[in-house]
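**Q** Below: one structure in structure tokens.
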Amino acid sequence: MNPVSDAAQHSPLLKNLNPEQLAAVTAAPEPALILAGAGSGKTRVLTTRIAWLLQTGQVSPGGVMAVTFTNKAAKEMLTRLSTMLPFNVRGMWIGTFHGLCNRFLRAHWKLAHLPQAFQILDASDTTSAIKRVIRAMNLDEERFVPKQVGWFIAGCKEDGQRPGDVDARDEQTRKLVEIYANYEDQCQREGVVDFAELMLRSYELLRDNPAVREHYQNRFRHILVDEFQDTNKLQYAWLKMFAPPGAGNGQSLLAVGDDDQSIYAFRGARVGNMADFEREYRVKRVIKLEQNYRSFGHILDAANELISRNSQRLGKTLRTDAGLGDPIRVQEAPSDFAEAQWLIEEIQQLHRGGLDRQEIAVLYRSNAQSRVIESALFNSGIPYRVYGGLRFFERAEVKHALAYLRLLENANDDTSFLRVVNFPTRGIGAKTLENLQDAAKATGRSLYQSVGAIQGKGGANLVAFTNLIDSTRNLTQGMTLREIIEQVLETSGLLDFYRTDKDGAERLENLDELINAAEAFVMQEGFGKNAVGLPVDEVAEAGTPGAVPDAETGEIMSPLVAFLTHASLEAGDNQAQAGQDAVQLMTVHSAKGLEFDAVFITGLEEGLFPHENAMSDHDGLEEERRLMYVAITRARKKLSLSFCQTRMLHGQTRYNVKSRFFDELPEGALKWLTPRNQGFGSGFAREYQQAWERGSGLKGMVGAGRVERAAWVEPPVPASMKQKVSNEHGGLRVGKGVFHTKFGEGVLLTLEGSGTDARAQVNFGRHGTKWLALSVAKLTPID
DNA sequence: TTCTCGCTATTTTTT
DNA sequence: ATAGCGAGAA
């Protein structure tokens, strides 16, 4: 039945897998759908399958592609794989949809009609770029709210639609499409792409270039997709380009997903892709992973019972061998303050009982709910960490620094230009910038290129700014990434600004952290990859996640461009700092994929959870229910649910009814801590509240800053990993002439790295200074 | 150019 | 309640 040999079936990798997991891991090389329930060992199955395929010689490292949604999941997969495999896995095509698209577009930048050093706009860059378009078109920003226009454009792209494809039936939509078209032109002019564009552009490239498409179809024998229920229309279409249905070419597309955990439909995710996949790929057998290794029985019973109320399901019931465990505790609190106070007591008790604080999670439906809980935790001195705040690369000071760095690479990046042209202030005001933008618009050139057209004092200040950029660019030639950033921070005046700013200390720290991040990035990317033993041409295509060589010439991005890309693609981890034991606070959405010993689901009130805005349609309620399902299944041992009779929301007291989800849970699994149906204002509740209000200094503390903000930390790089910089490599010498088949003669400036990762910086004069991967580029020394 | 006042919106958001 | 933003004043 299975073409794999007996020996392969007895690989030590396959030990301790249950029958379903084993079936998934060793599934025949054909399309397969794995329905993986929460806590069923999904990641283990994915990584074990990849390791097993490689170990049994069914595929080479270059023939595998594994796609995830989050950087975290991708990292997790790489980490686990590297412990299972004897070689370095970093060169393999394992990453997020967007990360892999980036890698692909860097290798085929010419076909994609992009500059090789194209930069990626994050969500806020995108919004400000759209805002500029709307202003340039003299449109009303009330009627065309930049953020909403952004959603519209992203929505079009995720549906695979260019401006010409959109069916605009009304005036408003026609205008939106016009904005979309202008925004596209602007991005193209500036050499930038947004997140959705990364996907759409690579999809179109594959669609329109049969040779490239066939090449990749032949290359990737095994494609594995994680969280398939969250894919949107475009992502599914993108996957089909790599592995078309019904091709019968022996490719294996393995989709892993859980329809019950689909909670991103509101963002364009199509659960229906799972059913479509099953049909279009004629999937013979759907493997269900229903054995749960995470939670006790009462918790699973509750999850199963709740989710069974949904109508549109592929069908799946979790089971465990772990026994029933503790019942689910339910608390009714008179107010949100009292709920928070109850949480404190519970958390203290759990902690006294020996539970680490980081094993305790407090979940809520919307971010606004975290405030009360935070101040209560703050008051009682319990360390906590809130997820979902500003991430490292999104901080203003870091974005400013990155904008300067981007301008060094591409001065035509108007988004970056506008961000820092007057920061720190240089006497360039709104009026001057308006004139500049008019001049740029008239000639179709970038702001940087139009500076000469502005007269007077503003013009002189603008020239001073471009001179600053130009001279910094010259000054930093040949510098290491660290030196470049240090130089930019100094000459831009950012350091001076924050040094004199009264609360600039934290910002200076973050800028320092930026240098560390860059240093860590260089170390991580620049050392010892592709010990994988990929053939040279596959290295060219796979490259390294950080710096991808051109598929033809071997030219790679400079470390600076690679770092800037890294910064946009990975906004920085919200991951907890190691060694700090703190209670975890987050929305249910951001808890997906995580697990804790003890979980508190708070604010279970009608209108809040399920949220009123989601209940306009039937699907909305089902998605809320799936969200509740995700929340419940995060808990390993202890689960508590709570709701409040009253809650302060938008400055007003709301009187609540408990969530309908309570009626959908098995009564036998619940333990009510408060008498049922207790009215508001009953003796107990009133007393509790009064005691609470007397005893707490909370009123003064509300609005106090958040403690222990999640910080972004790069793993420390051991000194032994220091990158090799040499003067010689295979007959090439720094300072001597070299010849490249495409770029002609040049002078060798720098040599870095070793082995297949060796790279060279060469000044080709007319063609400029370029970084080349020596494993790909054909460089010969000239005497 | 920068500061301050007042208006508005406030579900979730992996990239 | 409150953060974020835009318009007018200093």
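All residue names refer to the structure tokens as shown: chains lettered A, B, ... in order, residues numbered from 1 in each chain, ligands numbered from 1 in order.
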Could you pull out the strand (DSSP E) residues of range 115-304 of chain A, going by DSSP on the backbone, and write them as a ChimeraX atom specification?
**A** /A:119-120,192-193,222-225,252-257,286-289
**Q** With 9 Å as the limit and counting only C-alpha atoms (C1' of nucleotides), what residues in chain A lie close to chain B? Please list them as JSON, numbers by chain.
**A** {"A": [69, 70, 71, 72, 96, 97, 98, 99, 122, 195, 196, 263, 264, 266, 267, 365, 366, 367, 368, 425, 427, 428, 429, 569, 570, 587, 588, 589, 590, 608, 611, 612, 613, 614, 650]}
**Q** Can those selected residues be exported to a file as a short mmCIF file (atom, residue, chain, number, x, y, z; two decimals), in the first residue's frame so that it contains N, CA, C and O atoms?
**A**
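Contents of the output file selection_7.cif:
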data_model
loop_
_atom_site.label_atom_id
_atom_site.label_comp_id
_atom_site.auth_asym_id
_atom_site.auth_seq_id
_atom_site.Cartn_x
_atom_site.Cartn_y
_atom_site.Cartn_z
N PHE A 69 1.87 30.60 8.86
CA PHE A 69 1.37 31.97 8.85
C PHE A 69 2.24 32.92 9.66
O PHE A 69 2.46 34.05 9.29
N THR A 70 2.72 32.42 10.78
CA THR A 70 3.47 33.31 11.66
C THR A 70 4.94 32.95 11.67
O THR A 70 5.34 31.81 11.45
N ASN A 71 5.73 33.97 11.92
CA ASN A 71 7.17 33.76 12.08
C ASN A 71 7.45 32.79 13.20
O ASN A 71 8.36 31.98 13.14
N LYS A 72 6.62 32.90 14.23
CA LYS A 72 6.80 32.06 15.39
C LYS A 72 6.66 30.58 15.03
O LYS A 72 7.49 29.76 15.42
N THR A 96 7.10 31.72 6.43
CA THR A 96 5.74 32.21 6.32
C THR A 96 5.41 32.43 4.84
O THR A 96 6.31 32.52 4.01
N PHE A 97 4.14 32.52 4.54
CA PHE A 97 3.73 32.84 3.17
C PHE A 97 4.50 34.06 2.68
O PHE A 97 5.07 34.06 1.58
N HIS A 98 4.51 35.10 3.50
CA HIS A 98 5.12 36.35 3.05
C HIS A 98 6.63 36.26 2.97
O HIS A 98 7.24 36.80 2.06
N GLY A 99 7.21 35.53 3.91
CA GLY A 99 8.66 35.35 3.89
C GLY A 99 9.11 34.61 2.63
O GLY A 99 10.09 34.98 1.99
N ASP A 122 5.08 48.07 6.03
CA ASP A 122 4.25 47.42 7.04
C ASP A 122 2.90 48.10 7.07
O ASP A 122 2.63 49.01 6.28
N PHE A 195 2.27 44.09 2.11
CA PHE A 195 2.20 42.65 2.40
C PHE A 195 1.40 41.89 1.34
O PHE A 195 1.85 40.86 0.85
N ALA A 196 0.24 42.42 1.00
CA ALA A 196 -0.61 41.72 0.03
C ALA A 196 0.08 41.66 -1.33
O ALA A 196 -0.06 40.68 -2.07
N ILE A 263 -10.54 31.47 12.88
CA ILE A 263 -11.02 32.68 13.56
C ILE A 263 -10.61 33.95 12.83
O ILE A 263 -10.64 35.03 13.39
N TYR A 264 -10.20 33.79 11.58
CA TYR A 264 -9.77 34.98 10.83
C TYR A 264 -10.58 35.20 9.56
O TYR A 264 -10.12 35.85 8.64
N PHE A 266 -12.90 37.15 9.24
CA PHE A 266 -13.12 38.59 9.12
C PHE A 266 -11.99 39.28 8.37
O PHE A 266 -12.12 40.40 7.93
N ARG A 267 -10.88 38.57 8.24
CA ARG A 267 -9.74 39.13 7.51
C ARG A 267 -9.57 38.47 6.15
O ARG A 267 -8.53 38.59 5.52
N ARG A 365 -11.72 39.05 25.08
CA ARG A 365 -12.14 39.15 23.70
C ARG A 365 -11.54 40.38 23.01
O ARG A 365 -11.11 40.35 21.87
N SER A 366 -11.51 41.50 23.72
CA SER A 366 -10.99 42.72 23.08
C SER A 366 -9.95 43.40 23.97
O SER A 366 -10.00 43.30 25.20
N ASN A 367 -9.05 44.08 23.35
CA ASN A 367 -7.91 44.68 24.06
C ASN A 367 -8.32 45.64 25.16
O ASN A 367 -7.63 45.75 26.17
N ALA A 368 -9.44 46.33 24.95
CA ALA A 368 -9.85 47.34 25.93
C ALA A 368 -10.06 46.72 27.30
O ALA A 368 -9.96 47.40 28.32
N THR A 425 13.67 68.25 13.75
CA THR A 425 13.23 69.40 12.94
C THR A 425 14.39 70.11 12.29
O THR A 425 15.44 70.32 12.89
N GLY A 427 13.52 72.88 10.07
CA GLY A 427 12.91 74.04 9.43
C GLY A 427 12.23 73.72 8.11
O GLY A 427 12.14 74.55 7.23
N ILE A 428 11.78 72.49 7.97
CA ILE A 428 11.05 72.13 6.75
C ILE A 428 9.60 71.89 7.15
O ILE A 428 9.27 70.83 7.70
N GLY A 429 8.76 72.85 6.90
CA GLY A 429 7.38 72.79 7.37
C GLY A 429 6.42 72.24 6.35
O GLY A 429 6.80 71.82 5.25
N LEU A 569 9.36 42.35 7.72
CA LEU A 569 8.69 41.06 7.69
C LEU A 569 8.49 40.49 9.09
O LEU A 569 7.57 39.74 9.35
N GLU A 570 9.38 40.85 9.98
CA GLU A 570 9.25 40.39 11.36
C GLU A 570 9.24 41.60 12.27
O GLU A 570 10.27 42.07 12.68
N THR A 587 -5.42 38.77 24.03
CA THR A 587 -6.72 38.49 23.44
C THR A 587 -6.77 37.01 23.08
O THR A 587 -5.74 36.36 22.95
N VAL A 588 -7.99 36.52 22.90
CA VAL A 588 -8.14 35.13 22.52
C VAL A 588 -7.46 34.88 21.18
O VAL A 588 -6.82 33.85 20.97
N HIS A 589 -7.56 35.84 20.28
CA HIS A 589 -6.93 35.68 18.97
C HIS A 589 -5.43 35.43 19.10
O HIS A 589 -4.89 34.54 18.45
N SER A 590 -4.79 36.22 19.94
CA SER A 590 -3.33 36.04 20.00
C SER A 590 -2.93 34.83 20.83
O SER A 590 -1.77 34.47 20.86
N LEU A 608 -20.17 41.18 24.35
CA LEU A 608 -18.71 41.29 24.42
C LEU A 608 -18.08 40.01 23.89
O LEU A 608 -17.15 40.02 23.10
N HIS A 611 -19.18 38.90 20.60
CA HIS A 611 -19.20 40.34 20.40
C HIS A 611 -20.40 40.76 19.56
O HIS A 611 -20.74 40.10 18.59
N GLU A 612 -21.01 41.89 19.97
CA GLU A 612 -22.23 42.33 19.28
C GLU A 612 -22.01 42.59 17.79
O GLU A 612 -22.86 42.28 16.96
N ASN A 613 -20.84 43.15 17.45
CA ASN A 613 -20.59 43.48 16.05
C ASN A 613 -20.45 42.24 15.17
O ASN A 613 -20.50 42.33 13.96
N ALA A 614 -20.21 41.11 15.81
CA ALA A 614 -20.00 39.90 15.02
C ALA A 614 -21.30 39.15 14.79
O ALA A 614 -21.34 38.18 14.06
N HIS A 650 -16.39 52.36 27.31
CA HIS A 650 -16.47 53.68 26.68
C HIS A 650 -16.95 54.72 27.67
O HIS A 650 -17.75 55.58 27.34
#
**Q** What residues in chain C lie within 12 Å of chain A, counting only C-alpha atoms (C1' of nucleotides), written as number ranges by chain?
**A** C: 1-3, 6
**Q** Let's see if you can do this: from backbone DSSP, list all helix (DSSP H, G or I) residues in range 217-361 of chain A, as a PyMOL selection string.
**A** chain A and resi 217-219+228-230+233-242+259-261+265-267+272-280+297-307+336-352+357-359
**Q** Generate the output file for the selected residues, C-alpha atoms, as a PDB file, in the first residue's frame.
**A**
ATOM      1  CA  GLN A 217       6.766  22.455  -9.772  1.00  0.00           C
ATOM      2  CA  ASN A 218       9.556  20.073 -10.634  1.00  0.00           C
ATOM      3  CA  ARG A 219      11.625  21.226  -7.744  1.00  0.00           C
ATOM      4  CA  PHE A 228      -4.720  25.725   6.159  1.00  0.00           C
ATOM      5  CA  GLN A 229      -8.088  26.927   7.483  1.00  0.00           C
ATOM      6  CA  ASP A 230      -6.634  30.436   7.617  1.00  0.00           C
ATOM      7  CA  LYS A 233      -8.252  32.957  -1.816  1.00  0.00           C
ATOM      8  CA  LEU A 234      -4.919  34.270  -3.068  1.00  0.00           C
ATOM      9  CA  GLN A 235      -2.827  32.045  -0.829  1.00  0.00           C
ATOM     10  CA  TYR A 236      -4.683  28.973  -2.035  1.00  0.00           C
ATOM     11  CA  ALA A 237      -4.242  30.085  -5.652  1.00  0.00           C
ATOM     12  CA  TRP A 238      -0.551  30.673  -4.946  1.00  0.00           C
ATOM     13  CA  LEU A 239      -0.203  27.134  -3.618  1.00  0.00           C
ATOM     14  CA  LYS A 240      -1.929  25.787  -6.708  1.00  0.00           C
ATOM     15  CA  MET A 241       0.759  27.426  -8.830  1.00  0.00           C
ATOM     16  CA  PHE A 242       3.404  25.356  -7.084  1.00  0.00           C
ATOM     17  CA  ASP A 259     -11.859  24.196  10.619  1.00  0.00           C
ATOM     18  CA  ASP A 260     -12.971  24.590  14.232  1.00  0.00           C
ATOM     19  CA  GLN A 261     -10.104  26.986  14.840  1.00  0.00           C
ATOM     20  CA  ALA A 265     -12.654  34.911   8.367  1.00  0.00           C
ATOM     21  CA  PHE A 266     -13.120  38.592   9.118  1.00  0.00           C
ATOM     22  CA  ARG A 267      -9.739  39.131   7.513  1.00  0.00           C
ATOM     23  CA  GLY A 272     -14.016  26.732   2.555  1.00  0.00           C
ATOM     24  CA  ASN A 273     -10.534  26.250   1.129  1.00  0.00           C
ATOM     25  CA  MET A 274     -10.367  23.022   3.092  1.00  0.00           C
ATOM     26  CA  ALA A 275     -13.425  21.556   1.407  1.00  0.00           C
ATOM     27  CA  ASP A 276     -12.270  22.954  -1.953  1.00  0.00           C
ATOM     28  CA  PHE A 277      -8.893  21.360  -1.457  1.00  0.00           C
ATOM     29  CA  GLU A 278     -10.434  18.001  -0.659  1.00  0.00           C
ATOM     30  CA  ARG A 279     -12.543  18.169  -3.794  1.00  0.00           C
ATOM     31  CA  GLU A 280     -10.112  19.737  -6.263  1.00  0.00           C
ATOM     32  CA  GLY A 297     -11.464  15.615  30.217  1.00  0.00           C
ATOM     33  CA  HIS A 298     -13.763  18.299  31.610  1.00  0.00           C
ATOM     34  CA  ILE A 299     -12.024  20.889  29.487  1.00  0.00           C
ATOM     35  CA  LEU A 300     -12.299  18.788  26.340  1.00  0.00           C
ATOM     36  CA  ASP A 301     -15.915  17.915  27.065  1.00  0.00           C
ATOM     37  CA  ALA A 302     -16.717  21.591  27.278  1.00  0.00           C
ATOM     38  CA  ALA A 303     -14.884  22.319  24.033  1.00  0.00           C
ATOM     39  CA  ASN A 304     -16.556  19.436  22.192  1.00  0.00           C
ATOM     40  CA  GLU A 305     -20.023  20.290  23.449  1.00  0.00           C
ATOM     41  CA  LEU A 306     -19.671  23.944  22.548  1.00  0.00           C
ATOM     42  CA  ILE A 307     -18.336  23.460  19.051  1.00  0.00           C
ATOM     43  CA  ASP A 336     -15.298  44.384  36.111  1.00  0.00           C
ATOM     44  CA  PHE A 337     -13.304  45.653  39.093  1.00  0.00           C
ATOM     45  CA  ALA A 338     -14.521  42.776  41.206  1.00  0.00           C
ATOM     46  CA  GLU A 339     -13.725  40.355  38.421  1.00  0.00           C
ATOM     47  CA  ALA A 340     -10.174  41.666  38.349  1.00  0.00           C
ATOM     48  CA  GLN A 341      -9.904  41.364  42.122  1.00  0.00           C
ATOM     49  CA  TRP A 342     -11.155  37.790  41.965  1.00  0.00           C
ATOM     50  CA  LEU A 343      -8.524  37.059  39.312  1.00  0.00           C
ATOM     51  CA  ILE A 344      -5.813  38.370  41.610  1.00  0.00           C
ATOM     52  CA  GLU A 345      -6.885  36.053  44.407  1.00  0.00           C
ATOM     53  CA  GLU A 346      -7.082  33.076  42.102  1.00  0.00           C
ATOM     54  CA  ILE A 347      -3.712  33.807  40.557  1.00  0.00           C
ATOM     55  CA  GLN A 348      -2.066  34.218  43.947  1.00  0.00           C
ATOM     56  CA  GLN A 349      -3.548  30.962  45.087  1.00  0.00           C
ATOM     57  CA  LEU A 350      -2.346  29.121  41.993  1.00  0.00           C
ATOM     58  CA  HIS A 351       1.094  30.595  42.361  1.00  0.00           C
ATOM     59  CA  ARG A 352       1.252  29.676  46.033  1.00  0.00           C
ATOM     60  CA  ARG A 357       3.093  32.661  36.742  1.00  0.00           C
ATOM     61  CA  GLN A 358       3.975  32.236  33.079  1.00  0.00           C
ATOM     62  CA  GLU A 359       1.786  29.133  33.105  1.00  0.00           C
TER      63      GLU A 359
END
**Q** Could you tell me how far CA of Asn467 in chain A lies from CA of Phe743 in chain A, in Å and to one decimal?
**A** 28.6 Å
**Q** Would you work out the distance separating CA of Leu176 in chain A from CA of Val149 in chain A, expressed in Å to one decimal?
**A**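 Going from CA of Leu176 in chain A over to CA of Val149 in chain A covers 6.9 Å.
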**Q** By how many Å are CA of Leu749 in chain A and CA of Gln761 in chain A apart?
**A** 5.3 Å
